[in-house]
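K.L.:
Sending over a structure as structure tokens; questions will come in a sec.
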Amino acid sequence: LNPKGISPHITLAVIDYNFIILELVLPLTIHHMNKSAEGNNADRENANIVALIKPQFEAGKENVGKGGVVRDQKVHRSVLQETLSTARNLGLVTRGVTVSPLLGPAGNVEFLVWWQQDPSPVGDFQNDLLTTNIRAMIEQTLAAAHALRQGAG
């Protein structure tokens with residue numbers, strides 16, 4: 001990300017990426033959003049990120065099947081848990097996660113997530129009070145994802 005040409009007040013970032021992991025993209029996104037909100041706590045507290053989570057890039061080569069497709073629900077679960085945990089440790093609260101209604105070009109299931117910056121101190125995902133709700137969201141999302149995948153062939 002290059003800060004030149006970025007609006008002085010960023011309250012929404014939308015991330016759709018290829019061949020990189022969100023763990024590398026999120027800190028830069030948050031940095032630029034925070035920098036744009038310097039002196040304006042309302043902007044910082046209302047900052048939202050919507051991202052497409054792509055298991056084929058997040059899972060690691062050993063978990064990606066033939067043709068670059070991730071089919072294993074356990075891998076999807078792990079990717080979602082790790083990505084949401086990383087986001088939490090960066091000061092983001094997961095407000096929603098769902099399956100993308102469109103499969104990726106090779107037939108990959110992908111996920112949409114909505115994060116909001118949390119003005120409170122960063123907490124550990126595993127000990128977060130929202131963990132139970134987030135785990136329930138993950139399970140609902142995985143059920144929808146695999147129903148979508150089965151319907152696609």
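Residue names in the structure tokens use chain letters A, B, ... in the order shown, residue numbers from 1 in each chain, and ligand numbers from 1 in the order shown.
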Could you give me, as an NGL selection string, the residues within 12 Å of A:Ala147, counting only C-alpha atoms and dropping anything in the same chain fewer than 5 positions from it?
P.N.:
:A and (71 or 73 or 99-101 or 103 or 109 or 140-142 or 152-153)
K.L.:
Keeping only C-alpha atoms, take the residues you just selected and write them out as a PDB file, in the first residue's frame.
P.N.:
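Wrote it out as selection-v3.pdb, contents follow:
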ATOM      1  CA  ARG A  71     -11.883 -28.961  -0.354  1.00  0.00           C
ATOM      2  CA  GLN A  73     -13.669 -28.492   5.732  1.00  0.00           C
ATOM      3  CA  VAL A  99     -19.407 -17.720   2.603  1.00  0.00           C
ATOM      4  CA  SER A 100     -18.972 -15.826  -0.651  1.00  0.00           C
ATOM      5  CA  PRO A 101     -21.917 -16.652  -2.920  1.00  0.00           C
ATOM      6  CA  LEU A 103     -16.873 -19.812  -6.035  1.00  0.00           C
ATOM      7  CA  VAL A 109     -14.939 -21.685  -1.569  1.00  0.00           C
ATOM      8  CA  GLN A 140     -22.641 -21.765  10.167  1.00  0.00           C
ATOM      9  CA  THR A 141     -20.413 -20.343   7.452  1.00  0.00           C
ATOM     10  CA  LEU A 142     -18.708 -23.692   6.859  1.00  0.00           C
ATOM     11  CA  ALA A 152     -21.669 -26.567  -7.794  1.00  0.00           C
ATOM     12  CA  GLY A 153     -20.688 -30.086  -8.582  1.00  0.00           C
TER      13      GLY A 153
END
K.L.:
Could you jot down the atom CA of A:Gln150 to atom CA of A:Thr98 separation for me, Å, one decimal place?
P.N.:
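It comes out at 16.7 Å.
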K.L.:
What gap, in Å, lies between atom CA of A:Ala136 and atom CA of A:Glu110?
P.N.:
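Atom CA of A:Ala136 sits 17.7 Å away from atom CA of A:Glu110.
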K.L.:
Can you pull out the residues contacting A:Gln81? Cut-off 9 Å, using only C-alpha atoms, and skip same-chain residues under 5 positions away; I want them as a ChimeraX atom specification.
P.N.:
/A:76,86,125,134-135,138
K.L.:
Could you check which of A:Thr29, A:Ile10, A:Phe111, A:Asp118 is closest to A:Gln56, using only C-alpha atoms?
P.N.:
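Checking each of A:Thr29, A:Ile10, A:Phe111, A:Asp118 against A:Gln56, counting only C-alpha atoms, the winner is A:Phe111.
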K.L.:
In terms of the shortest atom-to-atom distance over only C-alpha atoms, which of A:Glu23, A:Met137, A:Thr11, A:Ser36 is closest to A:Ala59?
P.N.:
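Residue with the minimum atom-to-atom distance to A:Ala59: A:Glu23.
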